[in-house]
Structure formats: structure tokens, C-alpha cells
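Read through the structure below, which is laid out as C-alpha cells, and then see the notes.
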Amino acid sequence: MERRVRVRFAPSPTGPLHIGGVRTALYNYLFARQHGGDMILRIEDTDSTRFVPGAEEYINEALQWLGIGIDEGVREGGNYGPYKQSERRDLYRKYTQQLIDAGKAYYAFDTPEELEAKRQEIKNFQYDARTRGMMRNSLSLPADEVKALMDSGAKWVVRFRIEPDQDVVVHDLLRGDVTINSSILDDKVLYKSADDLPTYHLANIVDDHLMEVSHVIRGEEWLPSAPLHVLLYQAFGWEDTMPAFVHLPLLLKPDGKGKLSKRDGDRLGFPVFPLDWTDPKSGERSSGYREAGYLPQAVVNFLALLGWNPGDDREIFSMDELIKEFSIDHCSRKGAKFDFEKGKWFNHEYLMNIDDHELAQLFKPVLEQHGVNLADYSDEYIASAVGLVKSRANFVSDLWNQADFFFQRPTSYSEKDIRKRWKPETPELMRQLAGLLDNADMDDVEDTENLVMNWIDSNGYHKGNVMNAFRLTVVGECRGPHMFEITRLLGREETLARLDAGIKNIQAPAQDA
RNA sequence: GGAGAUAUCGUCUAGCGGUCUAGGACGCCGCCCUCUCACGGCGGAAACCAGGGUUCGAGUCCCUGUUUCUCUACCA
């Protein structure tokens with residue numbers, strides 16, 4: 001019988017969710033949905049010193065915004081809880097004890113200072129089969145001394161006892177079999193005294209096993225410790241149900257070297273987090289994709305294609321299409337440099353294709369930011385305005401720069417365009433145009449256009465000069481959609497008022513030499 | 001230093017021994033459309049890390065080197 005597909009996304013609540021983490025969550029989600037399986041969200045808060053208030057809520061909100069659904073988790077519940085590691089202490093104690101009883105783990109009493117001293121003393125010091133005899137632990141010390149130490153309340157940790165010189169094979173669905181020798185592994189700390197909690201490694205294996213996780217899809221940074229995890233499954237006797245591994249490549253800096261970091265976003269001017277975040281301690285602010293005007297579908301599409309491809313030339317995918325098409329086979333094994341320009345393009349594509357009324361709703365807050373009283377405009381008006389300019393914008397916030405003139409009269413006129421299009425005879429032409437439009441049916445774009453074009457042709461005027469001067473009075477500069485689409489939306493009264501204001505206020509450039 | 005991973009246009013990538021004079025997309029450049037700016041259409045510049053093999057034939061397989069990335073904590 002096929003094993004049910006169960007995957008997990010397991011972030012630490014140590015700050016805002018990094019965009020690379022978002023991609024890992026997305027791939028897990030796609031994989032789960034595709035196989036009709038379960039997506040688990042597990043909070044890995046086993047480092048009490050790095051806990052950041054609000055981080056867990058941030059993770060939930062970010063995933064929800066992106067449409068990455070969770071089947072089991074702290075909020076969602078489920079039959080395998082608790083889903084927060086700090087609430088599973090009893091489990092970890094029990095399984096740690098099991099390893100100790102089986103002789104596969106041991107107590108170590110070395111203080112951080114002692115360990116540091118050893119590292120100074122011996123080049124490439126590693127706590128392992130070769131060196132543990134010279135350290136203070138339950139393997140090297142006499143039993144009565146160990147007991148005395150424990151009874152006296154001395155601090156201890158539990159370390160995994162790794163047998164040297166064993167070839168450990170990690171089956172990775174993306175990279176094939178990765179073999180490494182156990183001698184290069186150290187006796188990892190499984191349980192730490194600092195906060196009476198397990199380390200990632202122990203908690204991870206115990207939880208994945210207990211939660212019946214079938215596939216571990218995580219970042220490449222875990223590949224070097226994957227052999228340790230395999231060894232842990234073996235130590236517990238859980239090899240038969242050990243999950244399959246997929247180690248995804250990392251997201252890299254757009255330029256230079258190394259993996260993508262918050263600093264890069266600040267430096268290059270793009271968000272590295274899904275949502276805005278203010279660090280509760282330092283007060284430091286980080287910008288997010290949502291607040292930067294990105295559409296969640298665009299972020300999902302962009303992220304999906306950063307490390308995965310459908311095998312053909314298609315690039316635009318809805319979440320449902322991604323669920324259908326995603327496959328590990330078509331994932332890249334190479335780290336991907338984060339290409340912000342491509343991200344902008346994705347957003348542009350989605351912005352252009354979104355329904356005008358839907359886009360209008362997203363645009364309203366931006367309008368208010370710019371002091372527009374929404375009560376002055378109908379939803380229909382805003383939707384039309386947005387529909388006319390959306391092909392020119394990358395972000396919702398860009399819409400303002402493109403559509404501002406639909407909500408306010410020009411406050412100034414572009415000097416560059418005046419120089420090019422506002423000739424001495426222009427005011428007279430504009431007066432004639434105003435007279436012409438006074439009788440036009442402005443609601444019909446084609447009629448208005450025919451009327452004006454005929455007037456231009458029959459008088460032998462220059463179309464470009466007339467139209468651009470007209471545009472200058474209405475928009476303030478030479479930009480924007482089709483002129484008669486603009487006038488249709490503004491209406492005759494407003495159009496004529498702007499023509500009038502333009503004639504009065506635009507000063508032709510001095511006829512200097 | 002050690003270990004592992006990795007390697008096609010500037011970037012994301014297609015390619016799974018012949019169909020590759022290497023395809024698509026972003027970005028860049030040019031042309032067309034045009035009252036402006038976009039959108040759209042057309043076109044252009046731009047890549048198989050290096051050296052050895054295997055093979056009738058290698059971007060595709062093998063080896064070596066190199067590159068880049070990650071890991072090397074009582075962090076995840």
C-alpha cells in the first residue's frame with residue numbers, strides 16, 4: 001500500500017519568514033496538494049534564546065496571504081499535535097532516554113569554556129570517537145563520578161554516540177544517493193541543558209517520525225547533517241518509515257557571493273520578506289512584498305519558477321496549475337540568484353490581467369494616501385481609470401503615477417513637453433478645440449475622435465501638435481492612455497475646465513535665440 | 001583547513017548521445033503600431049568552466065582540475 005504523502009514546513013520563530021523559506025513552504029505545499037496529502041506547519045522553537053515575539057503570527061499571516069494552505073498546525077489542530085516543539089518536551093526526554101539506555105547516546109559535562117579551550121588547543125577539534133575519551137562524559141568517567149556529577153546538579157548535555165568509519169547513504173530525490181563517512185561527523189548534542197530542550201536534530205527526527213512525515217523537503221543547508229539524521233533514524237530503529245529527502249538549492253544574492261540576505265534587499269531596494277516586519281527589540285523595519293504592492297499570485301508564480309520549471313516554455317502559472325505541474329524532477333540543483341527584475345515582470349503580468357474592479361479595490365488605499373476622497377468617485381470610475389493605465393504599471397502603488405490625473409487636475413505642466421508642443425498659436429487652437437468639444441458626445445470615444453480628427457484634417461493642422469497640446473492641458477504632460485478614453489472618463493465639463501486652465505496657465509517658452 | 005553539493009546567454013532556465021548552425025523568458029538594443037507613455041508584433045547582441053577520455057558521434061556519459069554554494073555551535 002502506498003504511504004500517504006505528508007510533508008511539513010518547520011520554521012523557527014526567530015524573526016520574519018525569509019523569502020527562501022517561503023519558497024520551501026510553497027514547494028512542500030505544491031507537493032502535498034498534488035499527491036492529495038497533508039501539509040503540516042510545525043513551529044521549531046527549541047532555541048529559547050532566539051525566540052522572537054510575533055514571529056509565529058507573522059509566519060501564519062504570510063502563508064495565508066500567499067495562499068499556502070496548512071492542514072495541520074498550531075492554529076489548525078490535527079491528530080499529531082502538539083505542533084509546537086516547546087510543548088513536546090516530554091516526548092523528547094523520553095526518546096533521548098531511550099537512546100541513552102541503548103548506549104547510543106551519552107551524557108557530557110564539558111562546559112562551553114572547556115570546549116572552546118579544546119578548540120584552541122587542537123586544530124580542527126571535533127567531539128567524536130577519537131576525542132571523547134579525553135573529554136568529561138559518561139563514557140570516559142567512572143560510573144560513580146558520573147553519578148556524583150549528576151546528583152550535584154552539574155550541567156550536562158546528551159550527545160549522540162557516532163560509530164566511526166561507517167558509510168552513510170542519504171537518498172535524495174533530487175541529488176541521488178549522497179554518501180558520506182561517519183568519521184567526519186561529530187557527536188552532536190541532542191539535548192541541551194541551557195533550556196532543557198532538544199536540539200534541532202533530535203526534535204526533528206522524533207517529530208517527523210511521530211507525525212508520519214513521508215517527505216522532508218527542505219533547504220540545501222541541511223544536506224551536510226542529513227547523514228546524522230539517517231543515523232538517528234537507524235538508532236531508533238525507524239529506518240523502515242524514514243522519509244524521503246529533497247534538499248532544495250538556496251536562493252542567492254543577485255550580485256556578488258553568498259546566499260540572499262536581508263542586507264541585499266536593503267542595499268538593492270527590494271523586499272526579502274513576504275510582509276512588512278518591525279523587529280520588536282531593535283525596532284528595525286523590513287519591507288515586505290505585500291506592502292510593496294505585489295500580488296500574492298505573482299509572488300507565488302515568481303518563487304515557483306526560481307528553482308523549478310515545467311520542462312517547456314510556459315511561465316505563467318496559477319496555484320492550481322502549479323499543483324498540477326510541479327515535480328521534483330524538474331527542480332534545479334543549482335542555487336538561483338534572486339532576479340528582482342523578473343519578479344517585477346511577473347507582477348506586471350498579473351497586474352495587467354487582474355479584473356479592473358478587483359484592482360480598484362487594491363488601489364483605493366493608495367488613493368487615500370494621496371489625499372483623494374473616495375466618496376467623490378464611484379467604484380465604476382476608479383475601475384475604469386485603473387483599467388486604462390494598468391498596462392503601464394508594475395505595482396499597485398505605481399498606479400497612482402499613471403492615473404493621478406483622473407483624480408486631480410494638473411498642478412503643474414511639464415516644461416519639457418511645453419517646449420516641444422506649446423507653440424505661440426497653440427492657445428488659439430485649444431480655444432477652437434474647446435468650442436468643438438462643447439457640442440461633442442464625449443461618452444462615445446469613437447465619435448469624439450472622429451469629430452476632432454475631421455476638424456484637424458479639414459484645417460490642415462498637425463495632429464501630433466494638437467493632440468499633445470490637448471494632452472498637456474488635461475494630464476499635465478505627454479503621457480497616459482488614449483486621449484479620448486481619458487476625456488470620456490473625465491467628462492465634458494471637466495475636460496473643458498482643464499482646457500481652459502491650460503490656455504490660461506501654460507506659458508509658451510520665451511523665444512530665445 | 002575538512003566534508004558535501006554544484007557547473008548552458010548578464011539573470012532564471014530548456015536540453016536527459018545524433019532532431020543543437022543550443023530553444024524560451026527577464027533585462028538590454030533596434031524596427032513596427034501610434035496623439036504621449038505603455039501594451040502588442042517583429043528583429044538583434046548574448047552561453048555549453050577547462051583539459052583528458054568513452055563513442056562512428058558529447059552540451060548531454062566517465063575522470064581530473066577549477067568554479068560557486070552550503071555545512072563544519074549546548075542555532076535552526
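For the C-alpha cells, the naming scheme is as follows: chains receive sequential letters (A, B, ...) according to their order of presentation, residues are indexed from 1 within each chain, and ligands are indexed from 1 in presentation order.
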Open item on the list: Let's see if you can do this: from backbone DSSP, list all strand (DSSP E) residues in stretch 167-356 of chain A, as number ranges by chain.
Closed with: A: 167-172, 176-181, 189-192, 197-198, 215-219, 244-248, 251-252, 277-278, 285-286, 336-337
TODO: Counting only C-alpha atoms (C1' of nucleotides), collect the residues of chain A whose closest atom lies at most 6 Å from chain B, and write them out as a ChimeraX atom specification.
DONE: /A:192,221,224,313,334,342,391-392,464,467-468,478-480
Task: Residues within 9 Å of A:Tyr95, only C-alpha atoms (C1' of nucleotides), excluding chain neighbours under 6 positions, as a list in words - done: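 Within the cut-off, the hits are Leu202, Val206 and Phe236 of chain A.
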TODO: May I ask which of the residues A:Val299, A:Ala244, A:Leu351, A:Leu362 is the closest one to A:Phe395, counting only C-alpha atoms?
DONE: A:Leu351
- [ ] Write out as a ChimeraX atom specification each polymer residue whose atoms come within 12 Å of stretch 52-56 of chain B, counting only C-alpha atoms (C1' of nucleotides); drop sequence neighbours fewer than 2 positions from it.
- [x] /B:17-18,50,58,61-65
Could you dump the residues just selected with N, CA and C atoms (P, O5', C5', C4', C3', O3' and C1' of nucleotides) as a CSV table (one decimal), in the first residue's frame?
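Written output follows (part.csv):
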```
chain,number,residue,atom,x,y,z
B,17,G,P,20.0,10.4,-23.4
B,17,G,O5',20.9,10.7,-24.7
B,17,G,C5',22.1,11.4,-24.6
B,17,G,C4',22.6,11.7,-26.0
B,17,G,C3',21.9,10.9,-27.1
B,17,G,O3',20.9,11.6,-27.8
B,17,G,C1',24.3,10.6,-27.2
B,18,G,P,20.5,12.2,-28.9
B,18,G,O5',21.7,12.6,-29.9
B,18,G,C5',22.0,13.9,-30.2
B,18,G,C4',22.6,14.0,-31.6
B,18,G,C3',21.6,14.4,-32.7
B,18,G,O3',22.0,15.6,-33.2
B,18,G,C1',22.7,12.4,-33.3
B,50,A,P,34.9,25.5,-21.6
B,50,A,O5',36.3,25.1,-21.0
B,50,A,C5',37.3,26.1,-20.8
B,50,A,C4',38.5,25.4,-20.2
B,50,A,C3',38.9,24.1,-20.9
B,50,A,O3',39.7,24.4,-22.1
B,50,A,C1',38.9,23.8,-18.6
B,58,A,P,32.0,13.7,-30.3
B,58,A,O5',30.6,14.0,-29.6
B,58,A,C5',29.7,15.1,-29.9
B,58,A,C4',29.3,15.7,-28.6
B,58,A,C3',30.5,16.2,-27.8
B,58,A,O3',30.7,17.7,-27.9
B,58,A,C1',29.2,14.7,-26.4
B,61,C,P,25.4,13.7,-18.6
B,61,C,O5',26.2,12.4,-18.9
B,61,C,C5',25.5,11.1,-18.7
B,61,C,C4',26.6,10.0,-18.8
B,61,C,C3',27.8,10.3,-18.1
B,61,C,O3',27.7,9.9,-16.7
B,61,C,C1',28.4,9.6,-20.2
B,62,C,P,28.6,10.6,-15.6
B,62,C,O5',30.0,9.9,-15.8
B,62,C,C5',30.2,8.5,-15.6
B,62,C,C4',31.7,8.2,-15.8
B,62,C,C3',32.7,9.1,-15.0
B,62,C,O3',32.8,8.7,-13.7
B,62,C,C1',33.4,8.9,-17.3
B,63,C,P,33.3,9.8,-12.6
B,63,C,O5',34.8,10.1,-13.0
B,63,C,C5',35.8,9.1,-12.8
B,63,C,C4',37.1,9.6,-13.3
B,63,C,C3',37.6,10.9,-12.6
B,63,C,O3',38.1,10.7,-11.3
B,63,C,C1',37.9,11.0,-14.9
B,64,U,P,38.1,11.8,-10.2
B,64,U,O5',39.1,12.9,-10.8
B,64,U,C5',40.5,12.6,-10.8
B,64,U,C4',41.3,13.7,-11.5
B,64,U,C3',41.0,15.1,-10.9
B,64,U,O3',41.8,15.3,-9.7
B,64,U,C1',40.9,15.2,-13.2
B,65,G,P,41.2,16.3,-8.6
B,65,G,O5',41.4,17.7,-9.3
B,65,G,C5',42.7,18.2,-9.6
B,65,G,C4',42.7,19.4,-10.5
B,65,G,C3',41.9,20.6,-10.0
B,65,G,O3',42.6,21.4,-9.2
B,65,G,C1',41.2,20.1,-12.2
```
- [ ] Have a look at A:Val272, A:Leu228, A:Leu374, A:Met39 and name the one nearest to A:Phe340; count only C-alpha atoms.
- [x]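 Closest to A:Phe340 of all the choices is A:Val272.
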